[in-house]
Amino acid sequence: MKIGIEIHQRLDTKKLFCDCTSDISEDEIPKITVQRRLHPVLSELGEIDAASQVESSKDRVFEYQVFNSNNCLVETDEEPPHMLNDEALKIVLQIALQFHATIVDEVHIMRKMVIDGSNTSGFQRTSIIAMNGHLDSSKGTIGIPLIALEEESAGIVSNSESKATYRLDRLGVPLIEINTTPDIKDGAHLTEVAEKIGMILRTTAKVARGLGTIRQDVNISTEGGARVEIKGAQDLKMLATYVENEVHRQTELIKILAELRNRKAIPIQFNAQDVTVVFKNTHANLLSQGIRTGSIILAQKFPGHKGILGTEIQKGKRYGSELSEYAKRAGVKGIIHSDEDMAKYYISGEEEDRIRKFLEMEKDDAFVLIIAPQTQAERAMHHAIERANMNYVPEETRRANPDGSSTYMRPLPGRARLYPETDVPPIPITKDLLSSIEKSESLDEKKSRLEKLLNKEMAGRMIKSRNLHLFDKLVSEGADPMLVATTLEDTIVSLRREEFEFTDLEKTLTEMFAEYKKDSFVKAAIPDVLKGMAKGARVEAVLKVFRLQKITGPALEKLVAEHNYDMKTIMQKCRLQVDAAEVDRIIKKRDSSYA
Amino acid sequence: MYSSKITKEINEKKISIGDRIRVRTVTGEFEGLLMPRPSSGDPNLIVLKLDSGYNTGLKPESIELVAKAELKKSNDGGDSESKEGIAILGCGGTIASKIEYKTGAVFPSISPKELRMIFPALKNWSIHSKQIFSLLSEDMNSHHWKLLADSVEAEIKDGSEGVVVMHGTDTMTYTSSVLGFMLQQLPVPVVFVGSQRSSDRPSSENEMNMLNSVFAASQDLGEVTVCMHASTNDDFCYLHRGNRVRKMHTSSRDAFRSIDSSPLFAVDYRTKKFDKLSDFMPRNNHGLIAKKSINDNVALIYSHPNMKPEFFRKLSDYDGVVLIGTGLGHVAANAFNDKSVNSVLKPIEELVQSGIPVVMSSQCISGRICMRVYTTGRLLMEAGVIGDGADWTPETAYTKLCWVLGQTKDMKEVKKLMMTNIAGEISTRSNLEGY
């Protein structure tokens, strides 16, 4: 078994080929929609990519939702791309250094043809920035053969036979892609490697944070099986499960193939029959409804497939699902096969017998039914037979499902899918550019620095924190590291729980710590100061309005005297305005003057 | 092109573009296919296509041949020429071109077989095709207008049912407007078509524009027209009158807009929609009139503040001048006799008196030339400037003057012809829907 991983992480810059912001507000309502179609084109090698061909066989309309704050004519494919975002390039160069990778001498932007509609142009722009890097892990060194900079695709909103709808807000956000060699040993090792790459990205560079900003694609190939890419895993904890399930799927497929060869069950000839007449008075709702709306019931004999279509190959998914997922390329909802429980569809035993007779079936044979208008049903049946006739485990791109299983998307793309982006000239990586890239602290260096600044527990929390950049910034401006860390990781967290919102946390904390440095309020007042600032007020105003200014000097002496030099009462009443140490000094001073 | 150093090394090692090579750099060894050098960037860097499909630029220490490229069978048309159905004429542009990356050259795809490969739905029509020339439209001139007019005339005489002209978009409307003067009383539609997105993109609108233009060319219409996207959507096209249309956006699909008029038709081949939006000339059976003489010694001058009278004096080398004036049709004529103003009235007057016609159009693009309203206009009319009452675009005023000066040198005749509506370029009513 060979396992490799591809990690895609969004960068925290403007978009890669235009000046739109990458900050996406989920609440914005699209005011404009655009309708387009796509068709495959020849690559520079004069080939049409298999994956693109499959996607194009669906004659579909793509609807794009346009968002004013995140979209311009570039995302709508109405204006040529601008020059590559310089900041994004620098971030990727910085990351490449962390993986000890060889940086290319010149960046060539490529078009990766994707005609499922997820890119308005019909391709995703991508470019190699570095190659031949490596990463240490508990089970040996893992190679990083490729570090690329590419643009994010559009987000899918809905998908049907004739139309797919996408939102364009995230289209064009810069992504760094990091690939490993297939040297990962097992599921647990995969999780470790993914986690480590993710942490290096977050701790050393300006990458986007939050849900959906990082995605993992897992490449798995097994002995006697095939290379399969499982796309779009968002949850690190699930990675090992995807590996286990895929290995299981391929093992089962290999067994099925052996049995099919044994039974001489493949290849199957297309010989589908229109059996609509069998279901004239059926109680099977799915079928009768289809017939009413112009569909036919198309049936095909699958010789020697009895029991095989029903063999479970993934949790909750049977071999029949493999055929069904290919058939869906024709836009049908799926297939019904004879290893399923017909009662589930309200197909009667009598109807089932009639189909068997109609198709002249023997004991070991199975059948497949497709409900759709004639040409579509026939196309779908051809796809199902095409899959059934593969006497090998096919190389595929599959979608990661949240339950750990995966669904067929398209064949693995080949090199014909990539051709040059002629609208953006190649970018030389000059010595000047490289020397302007500061090698940021490595993960290990960062860890040991934090351990010097904080206690071990807090250092461990901080290195994983999404606020690490802000921590570094505030500390570099002179704030106390431990105070910054507890404010970020405890105070802010609990205030947020109380539903205090900080729209610009960086600005708020910079202002607050600058004021704190002037000694104008005490540490104990920080939560209250922040509560006031959460409402949008400036720190000075908050101190004044909420009476949080620190009492010190003669005023404090007077206050202490008024409370009979009793520490406990003073702290009870004025905890948010006085510094206990100062009060203590005043009390001690009086005591000593008595002595 | 690669630098002479690299060229020498690959020649010595008998390496050609497309071959599999191994490149050693300071940092490592890389294998892949040798790609041609784009015109930009450092010619000392090798462009290598890695097995992943990515291209990358590398500074080579040494280059080594691994394997020669397999030769592919070329796919050039070669199907028999028929003269039936719709003629598709190629003038260049990105609508149906392919890039041969091994050499970096752009080839027009023009044989019916190639066109059917790019546009599979063309199988529904009987077509034949011919490449007249292949140019970026900004490089075209009156010589090419003439070549095209000859070809269209020949196609019509050979019995083509309609003519589609594939043309770059930049100067398409110059060509489409002049062709309507050169070829009159058209018995078939002549439809110009192009694409704003190049044909090497899956999102190119070339397919929809092309199929709609072939569909339009089979309809009952006897005009030179332009068929381009109606909106940013891939839903239907507008068929514009060739001398009423203008490219109004540098890059968007719906860049072509009819000026001062509605488009002639809304076209959708998928639904067989051919909806009339304004009056048009049907196929004309009275015999094609070909008047193909052109005088291209005509200047088109955009008026702007700070213009100098001397500049206008230099225009005496031309046989005609079209001004793109401001507003209703103005240039600095110093109507108030102010000392601080440099008037260009006098040199314009001199041009007209020396027999060089001066024609007015407006940089407002939309609206009619009305030189009677302000003193400036009246002064220009007195000086002999032609155009009062016309609602032509600057480009059409320009191509019309080129054509008129090809027909006559008589100043009176020039003025008369300029102000006579020949191909729908001047209308007498400004329709409210036109703007």
# chains A, B, ... in the order shown; residues from 1 in each chain; ligands from 1
$ residues_around --residues "Glu161 (chain A)" --least-positions-apart "6" --cutoff "10 Å" --atoms "only C-alpha atoms" --output "PyMOL selection string"
chain A and resi 58-61+328-333
$ interface_residues --of "chain B" --to "chain A" --cutoff "9 Å" --atoms "only C-alpha atoms" --output "VMD selection string"
chain B and resid 18 27 to 28 38 to 42 45 47 50 to 59 72 98 to 102 118 196 to 197 199 to 205 207 232 to 235 250 to 253
$ residues_around --residues "Gly553 (chain A)" --least-positions-apart "2" --cutoff "12 Å" --atoms "only C-alpha atoms" --output "PyMOL selection string"
chain A and resi 550-551+555-560+578-579+582-583+585-586
$ residues_around --residues "region 164-167 of chain B" --least-positions-apart "5" --cutoff "10 Å" --atoms "only C-alpha atoms" --output "PyMOL selection string"
chain B and resi 86-96+110+127+129-132+134-137+148+152+172-173+175-176+189-195+210+213-218+224-227
$ write_last_selection --atoms "N, CA and C atoms" --output "compact mmCIF listing (two decimals), in the first residue's frame"
# COMPACT_ATOMS: atom_id res chain seq x y z
N ILE B 86 -23.66 27.29 -46.52
CA ILE B 86 -23.17 28.55 -45.99
C ILE B 86 -21.65 28.59 -46.09
N ALA B 87 -21.15 29.72 -46.58
CA ALA B 87 -19.70 29.90 -46.70
C ALA B 87 -19.17 30.46 -45.39
N ILE B 88 -18.11 29.84 -44.88
CA ILE B 88 -17.46 30.39 -43.68
C ILE B 88 -16.08 30.89 -44.12
N LEU B 89 -15.88 32.20 -44.02
CA LEU B 89 -14.62 32.79 -44.47
C LEU B 89 -13.78 33.18 -43.26
N GLY B 90 -12.50 32.87 -43.31
CA GLY B 90 -11.64 33.17 -42.18
C GLY B 90 -10.74 34.37 -42.44
N CYS B 91 -10.73 35.31 -41.48
CA CYS B 91 -9.83 36.46 -41.58
C CYS B 91 -8.86 36.47 -40.40
N GLY B 92 -8.95 35.46 -39.52
CA GLY B 92 -8.11 35.44 -38.33
C GLY B 92 -8.94 35.67 -37.10
N GLY B 93 -8.29 36.06 -36.04
CA GLY B 93 -9.00 36.22 -34.78
C GLY B 93 -8.99 34.92 -34.02
N THR B 94 -9.48 34.97 -32.78
CA THR B 94 -9.32 33.81 -31.91
C THR B 94 -10.51 32.87 -31.95
N ILE B 95 -11.51 33.17 -32.78
CA ILE B 95 -12.72 32.35 -32.71
C ILE B 95 -12.44 30.90 -33.06
N ALA B 96 -11.60 30.63 -34.03
CA ALA B 96 -11.33 29.24 -34.40
C ALA B 96 -9.86 29.08 -34.76
N ILE B 110 -9.66 25.93 -40.06
CA ILE B 110 -10.61 26.48 -41.01
C ILE B 110 -11.25 25.44 -41.92
N ILE B 127 -22.01 23.33 -44.88
CA ILE B 127 -21.08 24.47 -44.88
C ILE B 127 -19.90 24.19 -45.80
N SER B 129 -15.82 26.22 -46.45
CA SER B 129 -15.04 27.25 -45.79
C SER B 129 -13.79 27.60 -46.56
N LYS B 130 -13.25 28.77 -46.24
CA LYS B 130 -12.06 29.24 -46.93
C LYS B 130 -11.33 30.24 -46.04
N GLN B 131 -10.01 30.07 -45.97
CA GLN B 131 -9.21 31.04 -45.24
C GLN B 131 -8.77 32.12 -46.21
N ILE B 132 -9.14 33.36 -45.96
CA ILE B 132 -8.75 34.44 -46.89
C ILE B 132 -7.39 34.99 -46.48
N SER B 134 -5.00 35.45 -42.41
CA SER B 134 -5.10 35.25 -40.98
C SER B 134 -4.32 36.34 -40.26
N LEU B 135 -5.06 37.30 -39.75
CA LEU B 135 -4.41 38.46 -39.13
C LEU B 135 -5.11 38.82 -37.83
N LEU B 136 -4.34 39.43 -36.96
CA LEU B 136 -4.97 40.10 -35.82
C LEU B 136 -5.72 41.28 -36.41
N SER B 137 -6.92 41.53 -35.94
CA SER B 137 -7.74 42.52 -36.65
C SER B 137 -7.14 43.92 -36.59
N LEU B 148 -11.47 40.72 -48.77
CA LEU B 148 -12.66 40.12 -48.19
C LEU B 148 -13.88 40.38 -49.09
N VAL B 152 -16.33 37.59 -50.65
CA VAL B 152 -17.78 37.53 -50.38
C VAL B 152 -18.54 37.59 -51.70
N MET B 172 -13.40 44.76 -36.01
CA MET B 172 -14.48 44.09 -36.74
C MET B 172 -15.50 45.08 -37.30
N THR B 173 -15.83 46.11 -36.51
CA THR B 173 -16.92 46.99 -36.96
C THR B 173 -16.47 47.94 -38.06
N THR B 175 -14.59 46.82 -40.55
CA THR B 175 -14.75 45.96 -41.72
C THR B 175 -16.23 45.73 -42.03
N SER B 176 -17.02 45.49 -40.97
CA SER B 176 -18.44 45.21 -41.23
C SER B 176 -19.15 46.43 -41.79
N PRO B 189 -27.43 36.99 -46.38
CA PRO B 189 -26.85 37.67 -45.21
C PRO B 189 -25.33 37.50 -45.18
N VAL B 190 -24.63 38.55 -44.73
CA VAL B 190 -23.20 38.44 -44.45
C VAL B 190 -23.07 38.69 -42.95
N VAL B 191 -22.58 37.68 -42.23
CA VAL B 191 -22.57 37.76 -40.77
C VAL B 191 -21.14 37.71 -40.26
N PHE B 192 -20.70 38.77 -39.61
CA PHE B 192 -19.38 38.78 -38.98
C PHE B 192 -19.49 38.15 -37.60
N VAL B 193 -18.47 37.35 -37.24
CA VAL B 193 -18.51 36.74 -35.91
C VAL B 193 -17.09 36.67 -35.35
N GLY B 194 -16.99 36.76 -34.04
CA GLY B 194 -15.70 36.67 -33.36
C GLY B 194 -15.91 36.16 -31.96
N SER B 195 -14.85 36.14 -31.19
CA SER B 195 -15.04 35.81 -29.77
C SER B 195 -14.11 36.65 -28.92
N MET B 210 -20.54 31.33 -32.98
CA MET B 210 -20.38 30.71 -34.29
C MET B 210 -21.69 30.07 -34.75
N SER B 213 -24.28 32.54 -35.61
CA SER B 213 -24.03 33.29 -36.84
C SER B 213 -24.33 32.42 -38.06
N VAL B 214 -24.04 31.12 -37.99
CA VAL B 214 -24.38 30.23 -39.11
C VAL B 214 -25.91 30.14 -39.23
N PHE B 215 -26.56 30.04 -38.08
CA PHE B 215 -28.03 30.01 -38.08
C PHE B 215 -28.58 31.31 -38.70
N ALA B 216 -28.01 32.45 -38.30
CA ALA B 216 -28.47 33.75 -38.82
C ALA B 216 -28.21 33.85 -40.33
N ALA B 217 -27.09 33.26 -40.78
CA ALA B 217 -26.73 33.34 -42.19
C ALA B 217 -27.68 32.54 -43.08
N SER B 218 -28.50 31.71 -42.45
CA SER B 218 -29.45 30.93 -43.25
C SER B 218 -30.83 31.60 -43.29
N VAL B 224 -25.17 43.34 -44.14
CA VAL B 224 -23.95 42.96 -43.45
C VAL B 224 -24.22 43.15 -41.95
N THR B 225 -23.98 42.11 -41.17
CA THR B 225 -24.33 42.15 -39.75
C THR B 225 -23.18 41.63 -38.90
N VAL B 226 -23.31 41.82 -37.59
CA VAL B 226 -22.35 41.30 -36.62
C VAL B 226 -23.14 40.48 -35.61
N CYS B 227 -22.69 39.24 -35.37
CA CYS B 227 -23.40 38.36 -34.43
C CYS B 227 -22.51 38.10 -33.22
$ residues_around --residues "Lys568 (chain A)" --least-positions-apart "5" --cutoff "12 Å" --atoms "only C-alpha atoms" --output "mmCIF file with C-alpha atoms, in the first residue's frame"
data_model
loop_
_atom_site.group_PDB
_atom_site.id
_atom_site.type_symbol
_atom_site.label_atom_id
_atom_site.label_comp_id
_atom_site.auth_asym_id
_atom_site.auth_seq_id
_atom_site.Cartn_x
_atom_site.Cartn_y
_atom_site.Cartn_z
ATOM 1 C CA VAL A 560 -6.201 53.657 51.815
ATOM 2 C CA HIS A 563 -10.434 52.559 54.650
ATOM 3 C CA LYS A 573 -14.342 47.648 47.082
ATOM 4 C CA CYS A 574 -11.744 48.828 44.598
ATOM 5 C CA ARG A 575 -10.246 45.678 43.140
ATOM 6 C CA ALA A 580 -2.629 45.349 45.564
ATOM 7 C CA VAL A 583 -1.750 49.345 48.560
ATOM 8 C CA ASP A 584 0.474 46.969 50.464
ATOM 9 C CA ILE A 587 0.130 50.108 54.480
#
$ residues_around --residues "Val358 (chain B)" --least-positions-apart "6" --cutoff "7 Å" --atoms "only C-alpha atoms" --output "list in words"
Gly320, Val321, Val322, Val352, Val385 and Ile386 of chain B
$ write_last_selection --atoms "all heavy atoms" --output "mmCIF file, in the first residue's frame"
data_model
loop_
_atom_site.group_PDB
_atom_site.id
_atom_site.type_symbol
_atom_site.label_atom_id
_atom_site.label_comp_id
_atom_site.auth_asym_id
_atom_site.auth_seq_id
_atom_site.Cartn_x
_atom_site.Cartn_y
_atom_site.Cartn_z
ATOM 1 N N GLY B 320 -8.996 63.155 -47.124
ATOM 2 C CA GLY B 320 -10.224 63.392 -46.378
ATOM 3 C C GLY B 320 -9.944 63.299 -44.894
ATOM 4 O O GLY B 320 -8.979 62.648 -44.481
ATOM 5 N N VAL B 321 -10.770 63.977 -44.080
ATOM 6 C CA VAL B 321 -10.576 63.967 -42.624
ATOM 7 C C VAL B 321 -11.929 63.738 -41.956
ATOM 8 O O VAL B 321 -12.919 64.371 -42.326
ATOM 9 C CB VAL B 321 -9.978 65.311 -42.137
ATOM 10 C CG1 VAL B 321 -9.942 65.359 -40.603
ATOM 11 C CG2 VAL B 321 -8.580 65.531 -42.716
ATOM 12 N N VAL B 322 -11.951 62.800 -40.988
ATOM 13 C CA VAL B 322 -13.139 62.645 -40.151
ATOM 14 C C VAL B 322 -12.768 63.105 -38.751
ATOM 15 O O VAL B 322 -11.759 62.665 -38.191
ATOM 16 C CB VAL B 322 -13.625 61.179 -40.128
ATOM 17 C CG1 VAL B 322 -14.813 61.027 -39.178
ATOM 18 C CG2 VAL B 322 -13.999 60.717 -41.529
ATOM 19 N N VAL B 352 -10.892 72.326 -46.299
ATOM 20 C CA VAL B 352 -12.079 72.176 -47.159
ATOM 21 C C VAL B 352 -11.864 72.917 -48.476
ATOM 22 O O VAL B 352 -12.160 72.389 -49.555
ATOM 23 C CB VAL B 352 -13.343 72.680 -46.437
ATOM 24 C CG1 VAL B 352 -14.558 72.610 -47.359
ATOM 25 C CG2 VAL B 352 -13.599 71.873 -45.168
ATOM 26 N N VAL B 385 -17.812 71.890 -43.098
ATOM 27 C CA VAL B 385 -17.747 70.573 -42.456
ATOM 28 C C VAL B 385 -19.063 69.821 -42.719
ATOM 29 O O VAL B 385 -20.150 70.369 -42.553
ATOM 30 C CB VAL B 385 -17.474 70.718 -40.940
ATOM 31 C CG1 VAL B 385 -17.570 69.364 -40.239
ATOM 32 C CG2 VAL B 385 -16.100 71.339 -40.720
ATOM 33 N N ILE B 386 -18.931 68.561 -43.141
ATOM 34 C CA ILE B 386 -20.070 67.714 -43.516
ATOM 35 C C ILE B 386 -20.534 66.905 -42.309
ATOM 36 O O ILE B 386 -19.709 66.484 -41.496
ATOM 37 C CB ILE B 386 -19.651 66.742 -44.643
ATOM 38 C CG1 ILE B 386 -19.102 67.498 -45.841
ATOM 39 C CG2 ILE B 386 -20.803 65.817 -45.054
ATOM 40 C CD1 ILE B 386 -18.388 66.625 -46.871
#
$ residues_around --residues "Lys2 (chain A)" --least-positions-apart "6" --cutoff "7 Å" --atoms "only C-alpha atoms" --output "number ranges by chain"
A: 182-184, 220-222
$ atom_distance --atom1 "CA of Leu495 (chain A)" --atom2 "CA of Leu468 (chain A)"
18.7 Å
$ atom_distance --atom1 "CA of Leu135 (chain A)" --atom2 "CA of Pro174 (chain A)"
23.0 Å
$ atom_distance --atom1 "CA of Ser436 (chain A)" --atom2 "CA of Ile144 (chain A)"
23.6 Å
$ select_by_dssp --residues "region 142-227 of chain B" --states "helix (DSSP H, G or I)" --output "VMD selection string"
chain B and resid 142 to 157 172 to 182 206 to 217
$ select_by_dssp --residues "region 144-368 of chain A" --states "strand (DSSP E)" --output "VMD selection string"
chain A and resid 144 to 151 155 to 159 163 to 167 174 to 179 214 to 221 227 to 233 273 to 274 296 to 302 312 to 314 317 to 318 336 to 337 366 to 368
$ closest_residue --among "A:Cys20, A:Leu488, A:Ile296, A:Leu286" --to "Ala372 (chain A)" --atoms "only C-alpha atoms"
A:Ile296
